[in-house]
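Source file: input30.cif. Holds: mmCIF, C-alpha atoms.
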data_structure
loop_
_atom_site.label_atom_id
_atom_site.label_comp_id
_atom_site.auth_asym_id
_atom_site.auth_seq_id
_atom_site.Cartn_x
_atom_site.Cartn_y
_atom_site.Cartn_z
CA MET A 1 86.55 137.90 60.86
CA THR A 2 86.35 134.31 59.65
CA ARG A 3 89.11 131.76 60.25
CA THR A 4 89.92 131.86 56.51
CA ASP A 5 90.26 135.66 56.68
CA LEU A 6 92.49 135.35 59.75
CA LEU A 7 94.77 132.83 58.03
CA ARG A 8 95.02 135.01 54.94
CA ASP A 9 95.82 138.02 57.11
CA ILE A 10 98.48 136.14 59.13
CA ARG A 11 100.12 134.68 56.03
CA SER A 12 100.47 138.10 54.42
CA THR A 13 102.42 139.49 57.38
CA PRO A 14 106.18 139.24 58.00
CA ARG A 15 107.55 136.29 59.97
CA ARG A 16 106.52 136.51 63.58
CA LYS A 17 109.50 137.08 65.86
CA VAL A 18 109.59 135.05 69.06
CA LEU A 19 111.95 134.70 72.01
CA ILE A 20 112.45 131.49 74.02
CA SER A 21 114.11 131.63 77.44
CA GLY A 22 115.99 128.40 78.13
CA ALA A 23 118.12 126.05 76.00
CA SER A 24 117.76 122.74 77.79
CA VAL A 25 115.01 120.42 76.46
CA ALA A 26 111.73 122.32 76.05
CA GLY A 27 113.42 125.42 74.61
CA PRO A 28 115.28 123.88 71.65
CA ALA A 29 112.36 121.53 70.94
CA LEU A 30 109.98 124.49 70.79
CA ALA A 31 112.48 126.39 68.62
CA PHE A 32 112.62 123.48 66.18
CA TRP A 33 108.88 123.37 65.65
CA LEU A 34 108.31 127.13 65.61
CA ASN A 35 111.01 127.47 62.97
CA ARG A 36 109.30 124.70 61.00
CA TYR A 37 106.08 126.73 61.10
CA GLY A 38 107.70 129.91 59.80
CA PHE A 39 108.61 131.84 62.93
CA ALA A 40 111.85 133.80 63.36
CA VAL A 41 113.19 132.30 66.60
CA THR A 42 115.71 133.54 69.15
CA VAL A 43 116.74 131.43 72.15
CA VAL A 44 118.39 133.05 75.17
CA GLU A 45 120.26 130.92 77.72
CA LYS A 46 121.89 132.16 80.93
CA ALA A 47 124.64 129.53 80.79
CA GLY A 48 127.71 130.30 78.74
CA THR A 49 127.46 127.11 76.68
CA LEU A 50 125.18 124.17 76.10
CA ARG A 51 125.23 121.98 79.20
CA GLY A 52 126.68 118.56 78.48
CA GLY A 53 126.76 115.41 80.58
CA GLY A 54 124.21 115.26 83.33
CA TYR A 55 122.13 112.53 84.86
CA PRO A 56 120.23 109.99 82.70
CA ILE A 57 116.71 110.91 81.59
CA ASP A 58 113.85 108.99 79.98
CA VAL A 59 112.04 109.51 76.69
CA ARG A 60 108.85 107.46 76.64
CA GLY A 61 105.45 107.04 75.09
CA THR A 62 104.14 110.02 73.13
CA ALA A 63 107.51 111.79 73.37
CA LEU A 64 109.08 109.06 71.23
CA GLU A 65 106.83 110.12 68.37
CA VAL A 66 107.91 113.74 68.84
CA VAL A 67 111.62 112.91 68.48
CA ARG A 68 110.82 110.61 65.54
CA ARG A 69 109.11 113.50 63.73
CA MET A 70 112.10 115.70 64.53
CA GLY A 71 114.41 113.17 62.87
CA ILE A 72 116.59 112.61 65.96
CA LEU A 73 115.23 109.23 67.05
CA PRO A 74 118.08 107.21 65.44
CA GLN A 75 120.64 109.43 67.17
CA LEU A 76 118.96 108.92 70.53
CA LYS A 77 118.73 105.17 69.99
CA ASP A 78 122.48 105.12 69.45
CA ALA A 79 122.89 106.98 72.77
CA HIS A 80 120.48 104.70 74.66
CA ILE A 81 121.72 103.54 78.05
CA ASP A 82 121.28 99.82 78.51
CA LEU A 83 120.43 99.66 82.21
CA ARG A 84 120.24 95.96 83.00
CA ARG A 85 119.73 95.68 86.72
CA LEU A 86 118.32 97.64 89.64
CA THR A 87 119.44 96.32 93.03
CA PHE A 88 117.91 97.42 96.33
CA LEU A 89 119.88 97.17 99.57
CA ASP A 90 118.85 97.26 103.21
CA GLY A 91 120.33 99.56 105.84
CA ASP A 92 123.18 97.14 106.57
CA GLY A 93 124.05 96.88 102.87
CA SER A 94 122.52 93.42 102.40
CA LYS A 95 120.61 92.71 99.22
CA VAL A 96 116.81 93.00 99.27
CA ALA A 97 116.10 92.29 95.59
CA SER A 98 117.41 92.74 92.06
CA VAL A 99 114.78 93.63 89.48
CA ASN A 100 114.45 94.45 85.82
CA PRO A 101 114.41 98.27 85.74
CA TYR A 102 111.30 98.34 83.57
CA THR A 103 109.23 96.65 86.28
CA VAL A 104 109.75 99.77 88.38
CA THR A 105 109.65 102.54 85.75
CA GLY A 106 106.73 101.28 83.70
CA GLY A 107 108.88 101.61 80.58
CA VAL A 108 108.91 99.22 77.64
CA ALA A 109 112.10 97.32 76.88
CA GLY A 110 113.27 97.76 73.30
CA ARG A 111 111.18 100.87 72.73
CA ASP A 112 111.52 103.50 75.45
CA LEU A 113 114.82 105.33 75.71
CA GLU A 114 117.11 106.39 78.52
CA VAL A 115 119.92 108.74 77.54
CA ARG A 116 122.33 111.10 79.21
CA ARG A 117 120.75 114.53 79.52
CA GLY A 118 123.59 116.03 77.50
CA ASP A 119 122.95 113.60 74.63
CA LEU A 120 119.34 114.77 74.36
CA THR A 121 120.12 118.48 74.65
CA GLY A 122 122.97 118.08 72.16
CA ALA A 123 120.73 116.33 69.62
CA LEU A 124 118.05 119.02 69.98
CA HIS A 125 120.57 121.83 69.60
CA THR A 126 122.18 120.24 66.55
CA ALA A 127 118.77 119.87 64.91
CA VAL A 128 118.03 123.59 65.14
CA ARG A 129 121.27 125.55 65.56
CA ASP A 130 121.60 126.48 61.88
CA ASP A 131 118.08 127.91 61.69
CA VAL A 132 117.68 129.66 65.04
CA GLU A 133 119.55 132.46 66.82
CA PHE A 134 121.09 131.44 70.16
CA LEU A 135 122.18 134.01 72.74
CA PHE A 136 124.29 132.31 75.41
CA ASN A 137 125.49 133.89 78.65
CA ASP A 138 122.46 136.19 78.74
CA SER A 139 118.93 136.26 80.12
CA ILE A 140 115.73 138.29 80.23
CA ASP A 141 115.92 141.22 82.64
CA THR A 142 112.49 142.79 82.04
CA LEU A 143 109.34 142.06 80.05
CA ASP A 144 106.88 144.78 79.05
CA GLN A 145 103.80 143.69 77.10
CA SER A 146 101.70 145.85 74.83
CA GLY A 147 99.00 145.24 72.28
CA TYR A 148 101.67 144.98 69.59
CA GLY A 149 104.36 142.84 71.16
CA VAL A 150 106.68 142.22 74.09
CA ASP A 151 109.52 144.65 74.80
CA VAL A 152 112.44 142.74 76.31
CA THR A 153 115.55 144.07 77.97
CA PHE A 154 118.38 141.59 78.38
CA ARG A 155 120.74 141.34 81.30
CA GLY A 156 123.60 141.91 78.86
CA GLY A 157 122.15 145.31 77.97
CA GLY A 158 120.28 144.65 74.70
CA ARG A 159 116.68 145.68 74.00
CA ARG A 160 114.39 144.05 71.43
CA THR A 161 110.70 143.60 70.67
CA PHE A 162 109.09 140.23 69.94
CA ASP A 163 105.63 139.14 68.93
CA MET A 164 105.67 136.43 71.62
CA VAL A 165 107.93 135.23 74.43
CA PHE A 166 108.12 131.68 75.83
CA GLY A 167 109.43 130.60 79.21
CA ALA A 168 111.24 127.26 78.96
CA ASP A 169 113.48 128.08 81.90
CA GLY A 170 112.74 125.24 84.29
CA LEU A 171 111.22 124.57 87.67
CA HIS A 172 112.41 127.88 89.12
CA SER A 173 111.40 129.89 86.05
CA ARG A 174 112.07 133.64 86.15
CA THR A 175 109.73 134.10 83.20
CA ARG A 176 106.92 132.60 85.28
CA GLU A 177 107.81 134.93 88.15
CA PHE A 178 107.67 137.95 85.82
CA LEU A 179 104.17 136.99 84.69
CA PHE A 180 102.48 135.35 87.64
CA GLY A 181 104.43 136.24 90.77
CA PRO A 182 106.33 134.16 93.33
CA GLU A 183 106.93 130.46 92.70
CA GLU A 184 105.51 129.42 96.08
CA GLN A 185 101.91 129.78 94.89
CA PHE A 186 102.44 127.12 92.18
CA HIS A 187 105.07 124.99 93.92
CA ARG A 188 103.73 121.66 95.17
CA TYR A 189 106.44 120.28 97.44
CA LEU A 190 106.37 116.47 97.67
CA GLY A 191 108.27 116.08 100.93
CA TYR A 192 111.77 115.17 99.72
CA CYS A 193 115.05 116.82 98.76
CA PHE A 194 117.84 115.34 96.68
CA ALA A 195 121.44 115.90 95.73
CA GLY A 196 123.06 114.50 92.59
CA PHE A 197 126.69 114.55 91.45
CA THR A 198 129.29 112.37 89.75
CA MET A 199 132.11 110.48 91.44
CA ARG A 200 134.73 107.89 90.56
CA ASN A 201 133.44 104.39 89.86
CA THR A 202 135.51 102.49 92.39
CA PHE A 203 132.70 99.97 92.94
CA GLY A 204 133.03 97.79 89.83
CA LEU A 205 129.50 98.72 88.71
CA ALA A 206 128.40 98.55 85.07
CA HIS A 207 124.97 99.01 83.45
CA GLU A 208 123.26 99.00 86.83
CA LEU A 209 121.85 101.03 89.68
CA MET A 210 122.22 100.16 93.35
CA MET A 211 119.98 101.82 95.93
CA TRP A 212 120.43 101.74 99.71
CA ASN A 213 117.50 102.68 101.94
CA THR A 214 116.66 103.38 105.54
CA PRO A 215 113.40 105.09 106.52
CA GLY A 216 113.36 108.55 104.99
CA ARG A 217 116.76 108.20 103.29
CA ALA A 218 118.04 106.73 100.03
CA ALA A 219 121.49 106.60 98.46
CA ALA A 220 122.01 105.38 94.91
CA LEU A 221 124.94 104.73 92.59
CA TYR A 222 124.09 104.62 88.89
CA ALA A 223 126.72 103.23 86.52
CA VAL A 224 126.00 104.29 82.95
CA GLY A 225 127.65 101.68 80.76
CA ASP A 226 131.26 100.88 81.66
CA SER A 227 132.15 104.46 82.58
CA ASP A 228 134.91 105.43 84.97
CA ASP A 229 132.35 107.61 86.76
CA VAL A 230 129.03 106.89 88.43
CA HIS A 231 126.08 109.17 89.12
CA ALA A 232 125.61 109.47 92.87
CA PHE A 233 122.22 110.33 94.27
CA LEU A 234 121.19 111.15 97.85
CA ASN A 235 117.48 111.57 98.55
CA PHE A 236 115.86 112.30 101.91
CA ALA A 237 112.53 113.22 103.44
CA HIS A 238 112.30 116.80 104.66
CA PRO A 239 109.05 118.24 106.05
CA GLU A 240 109.38 121.69 104.49
CA PRO A 241 111.29 122.89 101.44
CA PRO A 242 114.65 124.31 102.62
CA PHE A 243 114.39 127.54 100.64
CA ASP A 244 117.47 128.97 102.37
CA ALA A 245 119.60 126.17 100.92
CA PHE A 246 118.36 126.32 97.33
CA ARG A 247 120.75 129.13 96.37
CA ASN A 248 123.61 128.25 98.72
CA PRO A 249 125.78 125.27 97.66
CA GLU A 250 127.62 125.10 100.98
CA ALA A 251 124.34 125.05 102.90
CA GLN A 252 123.19 122.24 100.59
CA ARG A 253 126.29 120.19 101.33
CA ASP A 254 125.95 120.80 105.06
CA LEU A 255 122.28 119.76 105.07
CA VAL A 256 122.90 116.53 103.15
CA ALA A 257 125.94 115.65 105.28
CA ALA A 258 123.94 116.16 108.48
CA VAL A 259 121.03 114.00 107.28
CA PHE A 260 123.34 111.11 106.28
CA ALA A 261 125.94 111.51 109.04
CA ASP A 262 125.37 108.06 110.57
CA ALA A 263 124.60 106.20 107.33
CA GLY A 264 126.37 102.99 106.37
CA TRP A 265 127.09 101.18 103.10
CA GLU A 266 129.04 103.45 100.69
CA VAL A 267 127.42 106.64 101.95
CA PRO A 268 130.47 108.04 103.85
CA GLY A 269 132.51 107.93 100.65
CA MET A 270 129.63 109.51 98.73
CA LEU A 271 129.50 112.38 101.22
CA ALA A 272 133.24 112.94 100.87
CA ALA A 273 132.91 112.98 97.08
CA MET A 274 129.98 115.39 97.31
CA ARG A 275 132.16 117.90 99.15
CA ASP A 276 134.56 118.04 96.19
CA ALA A 277 132.03 117.64 93.36
CA ASP A 278 131.93 120.48 90.85
CA ASP A 279 128.61 119.35 89.36
CA LEU A 280 126.45 119.14 92.48
CA PHE A 281 122.75 119.58 91.74
CA PHE A 282 120.44 120.04 94.72
CA ASP A 283 116.71 120.70 94.77
CA GLY A 284 113.43 119.84 96.37
CA VAL A 285 111.21 117.15 94.86
CA SER A 286 108.37 119.28 93.60
CA GLN A 287 105.75 119.85 90.96
CA ILE A 288 104.52 123.04 89.35
CA ARG A 289 100.74 123.21 89.03
CA MET A 290 99.20 126.28 87.42
CA PRO A 291 95.62 127.19 86.44
CA HIS A 292 96.91 128.89 83.27
CA TRP A 293 100.13 128.56 81.28
CA SER A 294 100.02 131.91 79.50
CA SER A 295 99.36 135.59 80.02
CA GLY A 296 98.98 137.96 77.10
CA ARG A 297 101.71 137.25 74.59
CA VAL A 298 103.85 135.12 76.93
CA ALA A 299 103.46 131.37 77.50
CA LEU A 300 105.27 128.70 79.53
CA VAL A 301 106.33 125.21 78.49
CA GLY A 302 107.99 122.23 80.15
CA ASP A 303 109.01 122.38 83.81
CA ALA A 304 108.29 126.12 83.94
CA ALA A 305 104.59 125.37 83.42
CA TYR A 306 104.10 121.81 84.67
CA ALA A 307 107.15 120.17 86.23
CA PRO A 308 106.01 116.64 87.18
CA SER A 309 108.98 115.84 89.51
CA PHE A 310 111.56 113.11 88.98
CA LEU A 311 109.27 110.68 90.83
CA THR A 312 107.28 110.37 87.58
CA GLY A 313 110.30 110.07 85.27
CA GLN A 314 108.30 112.16 82.78
CA GLY A 315 109.89 115.62 82.94
CA SER A 316 111.73 115.45 79.62
CA SER A 317 108.87 113.66 77.89
CA LEU A 318 106.36 116.31 78.98
CA ALA A 319 108.76 119.02 77.81
CA LEU A 320 109.07 117.44 74.35
CA VAL A 321 105.35 116.86 73.94
CA GLY A 322 104.43 120.28 75.33
CA ALA A 323 106.82 122.01 72.93
CA TYR A 324 105.31 120.16 69.98
CA MET A 325 101.75 120.99 71.03
CA LEU A 326 102.50 124.66 71.74
CA ALA A 327 104.23 125.29 68.43
CA GLY A 328 101.60 123.37 66.46
CA SER A 329 98.79 125.26 68.17
CA LEU A 330 100.35 128.51 66.92
CA ALA A 331 101.02 127.25 63.38
CA ASP A 332 97.84 128.79 61.96
CA ARG A 333 96.53 130.89 64.87
CA ASP A 334 97.28 134.16 66.58
CA HIS A 335 98.74 134.08 70.07
CA ALA A 336 95.45 134.22 71.97
CA ALA A 337 93.78 131.39 70.06
CA GLY A 338 97.01 129.39 69.89
CA PHE A 339 97.68 129.53 73.62
CA ALA A 340 94.08 128.53 74.35
CA ALA A 341 94.35 125.55 72.00
CA TYR A 342 97.68 124.52 73.57
CA GLU A 343 96.15 124.37 77.03
CA HIS A 344 92.94 122.73 75.88
CA HIS A 345 94.66 119.88 74.06
CA THR A 346 97.65 119.33 76.36
CA ARG A 347 96.45 119.81 79.94
CA GLU A 348 94.85 116.37 80.36
CA PHE A 349 98.07 114.65 79.26
CA VAL A 350 100.06 116.76 81.70
CA THR A 351 97.68 116.11 84.58
CA VAL A 352 97.54 112.34 84.16
CA ASN A 353 101.35 112.21 84.18
CA GLN A 354 101.70 114.49 87.21
CA ASP A 355 99.12 112.36 89.01
CA GLN A 356 101.37 109.31 88.73
CA VAL A 357 102.99 110.46 91.97
CA GLY A 358 99.70 109.65 93.66
CA GLU A 359 99.84 106.11 92.32
CA GLY A 360 102.76 105.00 94.45
CA ASP A 361 105.97 106.19 92.79
CA ALA A 362 107.08 107.81 96.04
CA THR A 363 106.96 104.39 97.74
CA LEU A 364 110.46 103.86 96.36
CA PHE A 365 111.49 106.20 99.19
CA PRO A 366 109.53 105.09 102.28
CA THR A 367 109.65 107.28 105.35
CA THR A 368 108.78 104.68 108.04
CA ALA A 369 110.17 101.24 108.92
CA GLN A 370 106.81 99.63 108.23
CA ALA A 371 106.48 101.26 104.80
CA LEU A 372 110.06 100.25 103.96
CA GLU A 373 109.38 96.61 104.78
CA GLN A 374 106.19 96.69 102.70
CA ARG A 375 108.12 98.14 99.77
CA ASN A 376 110.80 95.49 100.13
CA ASP A 377 108.18 92.73 100.07
CA ILE A 378 106.80 94.20 96.84
CA LEU A 379 110.28 94.31 95.32
CA ARG A 380 110.97 90.68 96.23
CA ASN A 381 107.82 89.68 94.38
CA LEU A 382 108.68 91.91 91.43
CA SER A 383 112.03 90.17 91.02
CA ALA A 384 110.17 87.00 90.01
CA MET A 385 107.86 88.77 87.54
CA PRO A 386 108.34 89.70 83.87
CA SER A 387 108.63 93.34 82.82
CA ALA A 388 105.57 95.46 83.44
CA GLN A 389 103.56 96.90 80.60
CA GLU A 390 103.80 100.56 79.69
CA ARG A 391 101.91 102.88 81.98
CA PRO A 392 98.90 104.33 80.13
CA ALA A 393 99.87 107.87 81.16
CA HIS A 394 103.02 107.76 79.01
CA SER A 395 101.02 107.50 75.78
CA ALA A 396 97.81 109.22 76.89
CA LEU A 397 98.03 111.75 74.04
CA THR A 398 98.02 110.92 70.35
CA LEU A 399 99.96 113.61 68.53
CA PRO A 400 97.93 115.57 65.98
CA GLU A 401 99.35 116.62 62.65
CA PHE A 402 99.74 120.38 62.36
CA THR A 403 99.76 122.25 59.06
CA PRO A 404 102.27 125.07 58.82
CA MET A 405 101.32 128.36 57.19
CA THR A 406 102.27 128.77 53.56
#
Show how you would write the structure in this file as structure tokens.
Amino acid sequence: MTRTDLLRDIRSTPRRKVLISGASVAGPALAFWLNRYGFAVTVVEKAGTLRGGGYPIDVRGTALEVVRRMGILPQLKDAHIDLRRLTFLDGDGSKVASVNPYTVTGGVAGRDLEVRRGDLTGALHTAVRDDVEFLFNDSIDTLDQSGYGVDVTFRGGGRRTFDMVFGADGLHSRTREFLFGPEEQFHRYLGYCFAGFTMRNTFGLAHELMMWNTPGRAAALYAVGDSDDVHAFLNFAHPEPPFDAFRNPEAQRDLVAAVFADAGWEVPGMLAAMRDADDLFFDGVSQIRMPHWSSGRVALVGDAAYAPSFLTGQGSSLALVGAYMLAGSLADRDHAAGFAAYEHHTREFVTVNQDQVGEGDATLFPTTAQALEQRNDILRNLSAMPSAQERPAHSALTLPEFTPMT
């Protein structure tokens, strides 16, 4: 069969029905583009509602072109967080250096965006909610593939058949586990754990981030604008991933409190606030690295396939770009050819961004006294330098134009 015959055959068939698991960033972005290319899309999300708020995230490089093509760039520009200063503190709370944030992130002032996670997920949902079916408070219970489709049973009791299923359900993806087995075989632990939560801004901070360090430990307060709240962040070196704590919030609180028990600066107040926080998020600093992102009629996108870790600052950008490339690769292909094209054209971009961790990003969190002093010397020199140029990895892929089926 020629490609022309295949296109004619595909275009004469009914709309292909697809299911996306996850309604954070990659899921709604994928839904937007698949709907644009003529698919009938359903999104299932285990949470009862769209998750608002959340910590700030970056949209940089190639991902900016994705949101421009989606028509949500003006909305995200309006939501941009104007972070003006990043101040590093020593163990006794004394100032090491204050730097322009872009000298550390590799972002470009006036172009790259930093927005609250909820602002991005809200914009994505608004762009697609009228054209796509959303099933909240539900999730995939089983997947059974055949030559004709994917039979799905939902935790809420429903059963449906789809032409394709997509896992956009994050670092600890259940869809990935259904297809490929336990997470451990793809989980690249980077030696740190972190806890994030919000607390009252009793520090007089505005448009700035302050980070306290001792070897192997970091505590940060991030004031988004002039808010009454700040984002608190506690990061620490840990030799092995504490799998027992990942699903136990009290164990998470106990572990963090033990690690920071003798810490100074504002850390005692942060620990007290953590105990009462209702939005605590705890995880290991990890990447997902897989030899293949699909199996049969099921494919993965975003963190489920290639989480880069927060050390790169590229998680949301990779999710947006990956969603665009996956949907476009399927615009005029069947699932097998489309998934192969998605991997072929996207993997290099993913890899170069994941590899940024190997270029020194983790040196923000040194684990020895010597490494901490070396980092501080670098920061003192940075404070006298202009903003750095964009990192090449952020724009390492030029988006192709995809032609939807007619």
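Remark: for A:Asp144, the closest of the candidate residues A:Val298, A:Cys193, A:Ala31, A:Val108 is A:Val298 (distances computed over only C-alpha atoms).
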Resolved residues for the PyMOL selection byres ((chain A and resi 254) around 12) as a PyMOL selection string: chain A and resi 195+245+248-253+255-261+271-272+274-275+282
Residues in the PyMOL selection byres ((chain A and resi 310-314) around 10), expressed as a VMD selection string: chain A and resid 57 to 61 63 105 to 107 190 285 to 287 307 to 309 315 to 320 350 353 to 365 393 to 394
Export C-alpha atoms of the chosen residues as a CSV table (one decimal), in the frame of the given file?
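Saved file selection_36.csv follows:
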chain,number,residue,atom,x,y,z
A,57,ILE,CA,116.7,110.9,81.6
A,58,ASP,CA,113.8,109.0,80.0
A,59,VAL,CA,112.0,109.5,76.7
A,60,ARG,CA,108.8,107.5,76.6
A,61,GLY,CA,105.4,107.0,75.1
A,63,ALA,CA,107.5,111.8,73.4
A,105,THR,CA,109.6,102.5,85.8
A,106,GLY,CA,106.7,101.3,83.7
A,107,GLY,CA,108.9,101.6,80.6
A,190,LEU,CA,106.4,116.5,97.7
A,285,VAL,CA,111.2,117.2,94.9
A,286,SER,CA,108.4,119.3,93.6
A,287,GLN,CA,105.8,119.8,91.0
A,307,ALA,CA,107.2,120.2,86.2
A,308,PRO,CA,106.0,116.6,87.2
A,309,SER,CA,109.0,115.8,89.5
A,315,GLY,CA,109.9,115.6,82.9
A,316,SER,CA,111.7,115.4,79.6
A,317,SER,CA,108.9,113.7,77.9
A,318,LEU,CA,106.4,116.3,79.0
A,319,ALA,CA,108.8,119.0,77.8
A,320,LEU,CA,109.1,117.4,74.4
A,350,VAL,CA,100.1,116.8,81.7
A,353,ASN,CA,101.4,112.2,84.2
A,354,GLN,CA,101.7,114.5,87.2
A,355,ASP,CA,99.1,112.4,89.0
A,356,GLN,CA,101.4,109.3,88.7
A,357,VAL,CA,103.0,110.5,92.0
A,358,GLY,CA,99.7,109.6,93.7
A,359,GLU,CA,99.8,106.1,92.3
A,360,GLY,CA,102.8,105.0,94.4
A,361,ASP,CA,106.0,106.2,92.8
A,362,ALA,CA,107.1,107.8,96.0
A,363,THR,CA,107.0,104.4,97.7
A,364,LEU,CA,110.5,103.9,96.4
A,365,PHE,CA,111.5,106.2,99.2
A,393,ALA,CA,99.9,107.9,81.2
A,394,HIS,CA,103.0,107.8,79.0
Matched chain/residue IDs from the PyMOL selection byres ((chain A and resi 304) around 10), as an NGL selection string: :A and (22 or 26 or 166-177 or 183 or 287-290 or 293 or 299-303 or 305-307 or 319)
Option closest in space to A:Val67, from A:Leu30, A:Val132, A:Ala23, A:Ala237 [counting all atoms listed in the file]: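 Going through A:Leu30, A:Val132, A:Ala23, A:Ala237 one by one, the smallest distance to A:Val67 is for A:Leu30.
Residue nearest A:Glu208, chosen from A:Arg391, A:Arg129, A:Arg85, A:Arg188 and counting all atoms listed in the file: A:Arg85.
Atom CA of A:Trp265 is found 15.7 Å from atom CA of A:Gly216.
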Option closest in space to A:Asp276, from A:His231, A:Ala341, A:Asp334, A:Thr198 [counting only C-alpha atoms]: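 Distance minimum relative to A:Asp276 lands on A:Thr198.
Distances from A:Asn376, A:Ser94, A:Thr49, A:Asn100 to A:Leu209 were compared using only C-alpha atoms, and the smallest one belongs to A:Asn100.
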Shell of 12 Å around A:Arg297, all atoms listed in the file, local chain residues under 2 positions omitted, as a ChimeraX atom specification: /A:17-19,143-151,161-167,179,293-295,299-300,330,334-340
Neighbour list for A:Gly156 as a list of chain:residue names, cut-off 10 Å, only C-alpha atoms, skip fewer than 2 positions in-chain: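 Final neighbour list, sorted by chain and number: A:Asn137, A:Asp138, A:Ser139, A:Ile140, A:Asp141, A:Thr153, A:Phe154, A:Gly158, A:Arg159.
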Computed interatomic separation between atom CA of A:Tyr222 and atom CA of A:Ala273 (Å):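 Interatomic distance, atom CA of A:Tyr222 to atom CA of A:Ala273: 14.7 Å.
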Two-atom distance - atom CA of A:His187, atom CA of A:Gly284 (Å):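 Calculated distance between atom CA of A:His187 and atom CA of A:Gly284 is 10.1 Å.
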Top pick for closest residue to A:Phe32, considering A:Gly328, A:Gly204, A:Pro400, A:Gly269 and counting only C-alpha atoms: A:Gly328
Name all residues at most 9 Å from A:Asn35 (count only C-alpha atoms; drop same-chain ones fewer than 6 positions away) and give them as a CSV table (one decimal) with C-alpha atoms, in the coordinates of the input.
chain,number,residue,atom,x,y,z
A,41,VAL,CA,113.2,132.3,66.6
A,128,VAL,CA,118.0,123.6,65.1
A,131,ASP,CA,118.1,127.9,61.7
A,132,VAL,CA,117.7,129.7,65.0
A,327,ALA,CA,104.2,125.3,68.4
